[in-house]
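Okay, entry16.tsv now, which holds TSV, C-alpha atoms and all ligand atoms:
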chain	number	residue	atom	x	y	z
A	232	MET	CA	-30.09	-34.08	23.59
A	233	GLN	CA	-27.48	-36.76	23.24
A	234	TRP	CA	-23.76	-36.43	22.79
A	235	PHE	CA	-21.62	-39.36	21.70
A	236	GLY	CA	-18.22	-37.69	21.94
A	237	LYS	CA	-15.47	-38.44	24.45
A	238	GLY	CA	-15.95	-35.27	26.49
A	239	SER	CA	-13.96	-32.09	26.82
A	240	ASN	CA	-10.35	-31.91	27.98
A	241	ASN	CA	-11.11	-28.63	29.71
A	242	MET	CA	-13.14	-29.84	32.67
A	243	GLU	CA	-11.93	-29.10	36.19
A	244	ASP	CA	-13.54	-30.72	39.19
A	245	GLY	CA	-13.32	-28.70	42.37
A	246	ARG	CA	-16.22	-30.36	44.16
A	247	GLY	CA	-16.34	-32.24	47.41
A	248	GLY	CA	-15.03	-32.07	50.94
A	249	GLY	CA	-17.16	-29.12	51.97
A	250	GLY	CA	-14.21	-26.88	51.23
A	251	GLY	CA	-14.03	-24.22	48.64
A	252	LYS	CA	-15.77	-21.70	50.82
A	253	VAL	CA	-14.17	-18.39	50.20
A	254	ALA	CA	-14.30	-14.79	51.17
A	255	LEU	CA	-15.53	-12.55	48.40
A	256	GLY	CA	-12.71	-10.77	46.62
A	257	GLY	CA	-12.12	-7.09	45.94
A	258	GLY	CA	-14.49	-4.66	44.24
A	259	ILE	CA	-13.10	-4.99	40.75
A	260	GLY	CA	-13.45	-8.75	40.91
A	261	ILE	CA	-17.06	-8.55	41.90
A	262	ILE	CA	-17.80	-6.29	38.96
A	263	ILE	CA	-16.20	-8.67	36.49
A	264	VAL	CA	-18.07	-11.62	37.97
A	265	ILE	CA	-21.38	-9.85	37.55
A	266	ILE	CA	-20.75	-9.45	33.82
A	267	GLY	CA	-20.74	-13.17	33.22
A	268	LEU	CA	-23.69	-14.13	35.37
A	269	PHE	CA	-26.48	-16.23	34.01
A	270	LEU	CA	-29.13	-14.53	36.10
A	271	GLY	CA	-29.74	-10.84	36.68
A	272	LYS	CA	-29.82	-11.37	40.43
A	273	ASP	CA	-29.57	-8.43	42.76
A	274	LEU	CA	-26.33	-9.07	44.59
A	275	THR	CA	-26.81	-6.34	47.17
A	276	GLY	CA	-26.67	-7.96	50.57
A	277	LEU	CA	-25.29	-11.19	49.18
A	278	VAL	CA	-21.74	-10.18	49.99
A	279	ASN	CA	-22.36	-10.26	53.72
A	280	GLN	CA	-23.99	-13.64	53.60
A	281	LEU	CA	-20.97	-15.36	52.14
A	282	PRO	CA	-19.18	-17.94	54.23
A	283	ILE	CA	-15.82	-16.54	55.21
A	284	THR	CA	-13.32	-19.35	55.41
A	285	SER	CA	-10.41	-20.02	53.15
A	286	GLU	CA	-10.19	-23.80	52.94
A	287	GLN	CA	-8.76	-24.95	49.66
A	288	THR	CA	-10.48	-27.66	47.69
A	289	GLU	CA	-8.28	-29.87	45.60
A	290	VAL	CA	-9.06	-29.39	41.92
A	291	LYS	CA	-8.84	-32.45	39.69
A	292	GLN	CA	-8.66	-32.45	35.91
A	293	GLY	CA	-11.62	-34.08	34.17
A	294	VAL	CA	-14.73	-35.63	35.73
A	295	PRO	CA	-15.19	-39.20	37.04
A	296	ALA	CA	-16.43	-41.70	34.43
A	297	GLY	CA	-19.53	-42.65	36.44
A	298	ASP	CA	-20.58	-39.07	37.09
A	299	GLU	CA	-23.48	-38.76	34.71
A	300	GLN	CA	-24.16	-35.09	35.25
A	301	GLY	CA	-20.49	-34.11	35.13
A	302	GLN	CA	-20.10	-36.13	31.93
A	303	PHE	CA	-23.10	-34.37	30.43
A	304	VAL	CA	-21.57	-30.96	31.11
A	305	SER	CA	-18.29	-32.19	29.67
A	306	GLY	CA	-20.06	-33.34	26.48
A	307	VAL	CA	-21.89	-30.05	26.02
A	308	LEU	CA	-18.63	-28.18	26.53
A	309	GLU	CA	-16.89	-30.36	23.94
A	310	SER	CA	-19.65	-29.64	21.42
A	311	THR	CA	-19.25	-25.89	22.02
A	312	GLU	CA	-15.51	-26.25	21.35
A	313	ILE	CA	-16.17	-27.85	17.97
A	314	VAL	CA	-18.84	-25.34	16.96
A	315	TRP	CA	-16.86	-22.27	18.03
A	316	GLU	CA	-13.69	-23.54	16.39
A	317	GLN	CA	-15.66	-23.70	13.13
A	318	GLN	CA	-17.15	-20.23	13.64
A	319	PHE	CA	-13.83	-18.61	14.52
A	320	SER	CA	-12.08	-20.23	11.60
A	321	GLN	CA	-14.75	-18.75	9.30
A	322	LEU	CA	-13.92	-15.36	10.80
A	323	GLY	CA	-10.23	-15.99	10.14
A	324	LEU	CA	-9.57	-16.24	13.89
A	325	GLN	CA	-8.20	-18.89	16.22
A	326	TYR	CA	-10.56	-20.08	18.97
A	327	GLN	CA	-9.07	-20.56	22.42
A	328	GLN	CA	-11.06	-23.09	24.44
A	329	PRO	CA	-12.29	-22.01	27.87
A	330	LYS	CA	-11.98	-24.15	31.01
A	331	LEU	CA	-15.06	-25.18	32.95
A	332	ARG	CA	-14.78	-25.58	36.72
A	333	LEU	CA	-17.38	-27.50	38.70
A	334	PHE	CA	-17.59	-26.32	42.30
A	335	GLU	CA	-19.74	-26.54	45.39
A	336	ASP	CA	-20.83	-23.77	47.76
A	337	GLY	CA	-18.17	-21.22	46.89
A	338	VAL	CA	-15.14	-20.77	44.69
A	339	GLN	CA	-12.11	-18.54	44.36
A	340	THR	CA	-11.51	-17.18	40.85
A	341	ALA	CA	-9.27	-14.66	39.13
A	342	CYS	CA	-12.32	-12.37	39.29
A	343	GLY	CA	-12.57	-12.74	43.07
A	344	GLY	CA	-14.51	-15.16	45.21
A	345	ALA	CA	-18.09	-16.13	44.50
A	346	SER	CA	-20.79	-18.04	46.29
A	347	SER	CA	-23.06	-20.57	44.53
A	348	ALA	CA	-25.92	-18.19	45.26
A	349	VAL	CA	-24.90	-16.02	42.29
A	350	GLY	CA	-25.60	-18.88	39.87
A	351	PRO	CA	-23.37	-19.97	36.97
A	352	PHE	CA	-20.91	-17.37	35.71
A	353	TYR	CA	-17.91	-16.73	33.49
A	354	CYS	CA	-14.71	-15.04	34.63
A	355	PRO	CA	-12.89	-13.29	31.76
A	356	ALA	CA	-9.68	-12.92	33.78
A	357	ASP	CA	-9.06	-16.68	33.85
A	358	SER	CA	-11.25	-17.64	30.84
A	359	LYS	CA	-13.27	-20.04	32.95
A	360	VAL	CA	-16.92	-20.97	33.26
A	361	TYR	CA	-17.95	-21.74	36.85
A	362	ILE	CA	-20.94	-23.96	37.64
A	363	ASP	CA	-22.29	-25.44	40.84
A	364	LEU	CA	-24.45	-28.31	39.53
A	365	SER	CA	-27.02	-27.65	42.25
A	366	PHE	CA	-28.11	-24.72	40.05
A	367	PHE	CA	-29.69	-27.25	37.70
A	368	GLU	CA	-31.92	-28.41	40.57
A	369	GLU	CA	-32.86	-24.78	41.15
A	370	LEU	CA	-33.54	-24.36	37.45
A	371	LYS	CA	-35.96	-27.26	37.57
A	372	ASN	CA	-37.61	-26.77	40.96
A	373	ARG	CA	-37.63	-23.01	41.39
A	374	PHE	CA	-37.72	-21.78	37.79
A	375	GLY	CA	-39.75	-24.67	36.38
A	376	ALA	CA	-37.21	-25.29	33.62
A	377	ALA	CA	-36.52	-29.01	33.60
A	378	GLY	CA	-34.64	-31.07	31.04
A	379	ASP	CA	-31.11	-31.55	29.84
A	380	PHE	CA	-31.39	-28.97	27.09
A	381	ALA	CA	-32.29	-26.26	29.58
A	382	GLN	CA	-28.96	-27.13	31.24
A	383	ALA	CA	-27.14	-27.16	27.92
A	384	TYR	CA	-28.48	-23.64	27.27
A	385	VAL	CA	-26.97	-22.43	30.56
A	386	ILE	CA	-23.55	-23.83	29.63
A	387	ALA	CA	-23.74	-22.49	26.07
A	388	HIS	CA	-24.73	-19.03	27.39
A	389	GLU	CA	-21.65	-18.90	29.63
A	390	VAL	CA	-19.45	-20.08	26.74
A	391	GLY	CA	-21.07	-17.22	24.80
A	392	HIS	CA	-19.52	-14.84	27.33
A	393	HIS	CA	-16.16	-16.47	26.65
A	394	VAL	CA	-16.65	-15.79	22.93
A	395	GLN	CA	-17.40	-12.14	23.77
A	396	ASN	CA	-14.23	-12.05	25.83
A	397	LEU	CA	-12.14	-13.41	22.93
A	398	LEU	CA	-13.72	-10.97	20.48
A	399	GLY	CA	-13.17	-7.98	22.77
A	400	THR	CA	-16.90	-7.26	23.15
A	401	SER	CA	-16.98	-7.50	26.95
A	402	GLU	CA	-13.88	-5.33	27.18
A	403	LYS	CA	-15.60	-2.59	25.17
A	404	VAL	CA	-18.63	-2.68	27.44
A	405	GLN	CA	-16.42	-2.51	30.53
A	406	SER	CA	-14.43	0.47	29.31
A	407	ALA	CA	-17.65	2.30	28.45
A	408	ARG	CA	-18.88	1.75	31.99
A	409	ARG	CA	-16.84	4.60	33.47
A	410	ARG	CA	-18.52	7.28	31.40
A	411	LEU	CA	-22.06	5.95	31.59
A	412	SER	CA	-24.86	6.37	34.08
A	413	GLU	CA	-26.07	3.19	35.74
A	414	THR	CA	-29.18	3.12	33.56
A	415	GLU	CA	-27.13	3.53	30.37
A	416	TYR	CA	-24.69	0.88	31.50
A	417	ASN	CA	-27.53	-1.52	32.31
A	418	LYS	CA	-28.68	-1.23	28.68
A	419	LEU	CA	-25.25	-2.31	27.49
A	420	SER	CA	-25.30	-5.15	29.97
A	421	VAL	CA	-28.65	-6.30	28.55
A	422	SER	CA	-27.15	-6.26	25.04
A	423	LEU	CA	-24.19	-8.32	26.22
A	424	GLU	CA	-26.46	-10.87	27.90
A	425	LEU	CA	-28.87	-11.12	24.97
A	426	GLN	CA	-25.90	-11.72	22.68
A	427	ALA	CA	-24.77	-14.57	24.94
A	428	ASP	CA	-28.28	-16.02	24.54
A	429	PHE	CA	-28.01	-15.58	20.76
A	430	TYR	CA	-24.64	-17.39	20.82
A	431	ALA	CA	-26.25	-20.21	22.81
A	432	GLY	CA	-28.91	-20.56	20.11
A	433	LEU	CA	-26.26	-20.39	17.40
A	434	TRP	CA	-24.35	-23.17	19.15
A	435	ALA	CA	-27.51	-25.34	19.16
A	436	TYR	CA	-28.09	-24.72	15.43
A	437	HIS	CA	-24.60	-25.90	14.52
A	438	ALA	CA	-24.28	-28.60	17.20
A	439	GLN	CA	-27.28	-30.49	15.83
A	440	LYS	CA	-25.41	-30.86	12.53
A	441	LEU	CA	-22.49	-32.63	14.23
A	442	ASP	CA	-22.22	-36.42	13.89
A	443	ASN	CA	-21.94	-36.94	17.63
A	444	PHE	CA	-24.93	-34.80	18.53
A	445	ARG	CA	-28.62	-35.55	18.59
A	446	LEU	CA	-31.40	-33.17	19.48
A	447	ASP	CA	-34.44	-34.83	21.06
A	448	PRO	CA	-38.05	-33.75	20.52
A	449	GLY	CA	-38.87	-31.05	23.07
A	450	ASP	CA	-35.28	-29.86	23.48
A	451	LEU	CA	-35.85	-26.46	21.90
A	452	GLU	CA	-38.88	-25.95	24.17
A	453	GLU	CA	-36.75	-26.80	27.22
A	454	ALA	CA	-34.27	-24.05	26.37
A	455	LEU	CA	-37.04	-21.55	25.64
A	456	THR	CA	-38.81	-22.40	28.89
A	457	ALA	CA	-35.56	-21.67	30.72
A	458	ALA	CA	-35.02	-18.39	28.83
A	459	ASN	CA	-38.59	-17.39	29.64
A	460	ALA	CA	-38.22	-18.23	33.33
A	461	ILE	CA	-35.11	-16.14	33.91
A	462	GLY	CA	-36.07	-12.87	32.25
A	463	ASP	CA	-35.41	-9.83	34.44
A	464	ASP	CA	-39.08	-8.80	34.36
A	465	LYS	CA	-40.21	-12.21	35.57
A	466	LEU	CA	-37.53	-12.50	38.28
A	467	GLN	CA	-38.26	-9.00	39.57
A	468	LYS	CA	-42.00	-9.57	39.60
A	469	GLN	CA	-41.50	-12.76	41.61
A	470	ALA	CA	-39.09	-11.13	44.03
A	471	THR	CA	-40.78	-7.80	44.72
A	472	GLY	CA	-44.03	-7.76	42.77
A	473	GLU	CA	-42.67	-4.83	40.80
A	474	VAL	CA	-40.84	-4.41	37.52
A	475	VAL	CA	-38.20	-1.69	37.05
A	476	PRO	CA	-37.02	-1.77	33.40
A	477	ASP	CA	-34.12	0.67	34.01
A	478	SER	CA	-32.57	-1.85	36.37
A	479	PHE	CA	-32.66	-4.74	33.89
A	480	THR	CA	-29.21	-6.24	33.26
A	481	HIS	CA	-30.11	-9.42	31.35
A	482	GLY	CA	-33.25	-8.60	29.35
A	483	THR	CA	-36.89	-9.54	29.59
A	484	SER	CA	-38.21	-13.07	29.17
A	485	ALA	CA	-39.44	-12.16	25.68
A	486	GLN	CA	-36.04	-10.75	24.69
A	487	ARG	CA	-34.11	-13.75	26.03
A	488	MET	CA	-36.36	-16.17	24.16
A	489	TYR	CA	-36.24	-14.04	20.99
A	490	TRP	CA	-32.44	-13.98	20.82
A	491	PHE	CA	-31.92	-17.63	21.65
A	492	LYS	CA	-34.42	-18.50	18.95
A	493	LYS	CA	-32.86	-16.13	16.46
A	494	GLY	CA	-29.49	-17.84	16.92
A	495	PHE	CA	-31.11	-21.26	16.71
A	496	GLU	CA	-33.08	-20.48	13.57
A	497	SER	CA	-30.44	-18.56	11.63
A	498	GLY	CA	-27.16	-20.11	12.77
A	499	ASP	CA	-25.72	-16.90	11.35
A	500	PHE	CA	-23.06	-15.22	13.46
A	501	ASN	CA	-23.66	-11.88	11.72
A	502	GLN	CA	-27.24	-11.63	12.95
A	503	GLY	CA	-26.23	-11.33	16.59
A	504	ASP	CA	-25.85	-7.56	16.86
A	505	THR	CA	-27.83	-7.04	20.05
A	506	PHE	CA	-26.14	-3.69	20.62
A	507	ASN	CA	-27.93	-1.92	17.78
A	508	ASN	CA	-31.10	-3.90	18.09
A	509	ARG	CA	-32.20	-5.18	21.49
A	510	ARG	CA	-35.79	-5.76	20.40
B	601	ZN	ZN	-24.75	-13.98	31.16
Using the file provided, produce a representation of the structure as structure tokens.
Amino acid sequence: MQWFGKGSNNMEDGRGGGGGKVALGGGIGIIIVIIGLFLGKDLTGLVNQLPITSEQTEVKQGVPAGDEQGQFVSGVLESTEIVWEQQFSQLGLQYQQPKLRLFEDGVQTACGGASSAVGPFYCPADSKVYIDLSFFEELKNRFGAAGDFAQAYVIAHEVGHHVQNLLGTSEKVQSARRRLSETEYNKLSVSLELQADFYAGLWAYHAQKLDNFRLDPGDLEEALTAANAIGDDKLQKQATGEVVPDSFTHGTSAQRMYWFKKGFESGDFNQGDTFNNRR
């Protein structure tokens, strides 16, 4: 894809200096962080592996002009701002733009501390998307999902969680959590994640109609390859050789591809009810 805009005003750069390593925050924070994760990773055991220092990294606004990858993220974010402003205005609502913080190793958020090992995530408490760009290397080398549009899908998925936050969807899921069994809650989590994939597809449908945006041949396949690679069934099979559907939190490869594609093909906000139809 190509983006010819000026970039988003909502980028924060917290990289560099080897700082930013943080202790993981309290229990409630961890739970909120898990909601906005890109991957359905099992975080058990991860907590103890986190570096426990509290150095502060200076956070700068914007990204350096020569930073190609940072500029790419900034462009994708800007295109999501335009698309979601249109969508919200059609719903009679006002879109509030999220911030996007680039970090390295670890980061402190309003949802608690997180290590890069959890992958990209969204924190509803500070309306921020958090990405360590090294995840894109992992996406390519470990998950076999190369290409800029695979990366754009990751960003658009996290922005999808921001949309759910603004619309009160994530709040509803969280308040239901108390009265549900883990298996029942996991089903809701899958719906939430598949809807974020649908929103990512919906973003792509509308972004390609913008003057500043160009989709390249193969872009759609890049996103679908990524969605296929990070399905819960595939990740579990790779990790343990077994698949436990009750423990799914993000959906199968087939589901993730289906919902991204549905958003991309329809561009219709109203077709994204993953809570009554998970496929
Ligand atoms: Zn997610």
Residue contacts of Arg509 of chain A (9 Å, all atoms listed in the file) excluding same-chain residues fewer than 5 positions away, as a list in words: Lys418, Val421, Ser422, Leu425, Gly482, Gln486, Trp490 and Asp504 of chain A
How would you report the residues lying within 12 Å of ligand ZN 601 (chain B), as a ChimeraX atom specification, if you count only C-alpha atoms and all ligand atoms? /A:263-272,349-355,360-361,384-396,401,420-431,458,461-463,480-482,487
Pairwise distance for atom CA of Asn417 of chain A and atom CA of Phe479 of chain A, rounded to one decimal in Å: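 Computing the Euclidean distance for atom CA of Asn417 of chain A and atom CA of Phe479 of chain A yields 6.3 Å.
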From the list A:Ala356, A:Tyr489, A:Val404, A:Glu453, which residue is nearest Cys342 of chain A when using all atoms listed in the file?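 Answer, going by the shortest atom-to-atom distance: A:Ala356.
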Measure the distance from atom CA of Gly245 of chain A to atom CA of Val338 of chain A in Å and round it to one decimal.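 Here the two named atoms are 8.5 Å from each other.
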Top pick for closest residue to Thr400 of chain A, considering A:Leu419, A:Asp363, A:Gly375, A:Ala296 and counting all atoms listed in the file: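 Looking only at the distances to Thr400 of chain A, the closest residue turns out to be A:Leu419.
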As an exercise, work out the distance from atom CA of Phe444 of chain A to atom CA of Phe491 of chain A in Å and give it to one decimal place.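 According to the coordinates, atom CA of Phe444 of chain A and atom CA of Phe491 of chain A are separated by 18.8 Å.
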Quick one: of A:Gln300, A:Gln405, A:Asn508, A:Gln328, who's nearest to Asn240 of chain A, counting only C-alpha atoms? A:Gln328
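Closest approach to Tyr436 of chain A among A:Arg373, A:Lys291, A:Lys492, A:Arg246 is made by A:Lys492 (distances from all atoms listed in the file).
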Which residues, written as a ChimeraX atom specification, have at least one atom at most 6 Å from Met232 of chain A, with all atoms listed in the file counted and residues fewer than 5 positions away on the same chain left out? /A:445-447
Skip His437 of chain A itself and residues of its chain fewer than 2 positions away, then list as a PyMOL selection string all residues within 10 Å of it, counting all atoms listed in the file. chain A and resi 310-311+313-315+317-318+432-435+439-441+444+494-495+497-499
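The nearest approach to Asn241 of chain A among the residues A:Leu331, A:Leu324, A:Ala485, A:Val307, with all atoms listed in the file taken into account, belongs to A:Leu331.
Shortest separation to Leu333 of chain A among A:Phe235, A:Tyr416, A:Phe366, A:Phe506 occurs at residue A:Phe366, atoms counted being only C-alpha atoms.
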Segment 235-249 of chain A: axis-aligned bounding box, 8 Å on each side, centre and edge lengths in Å, one decimal, as lines of an AutoDock Vina configuration file:
center_x = -16.0
center_y = -34.0
center_z = 36.8
size_x = 27.3
size_y = 26.7
size_z = 46.3
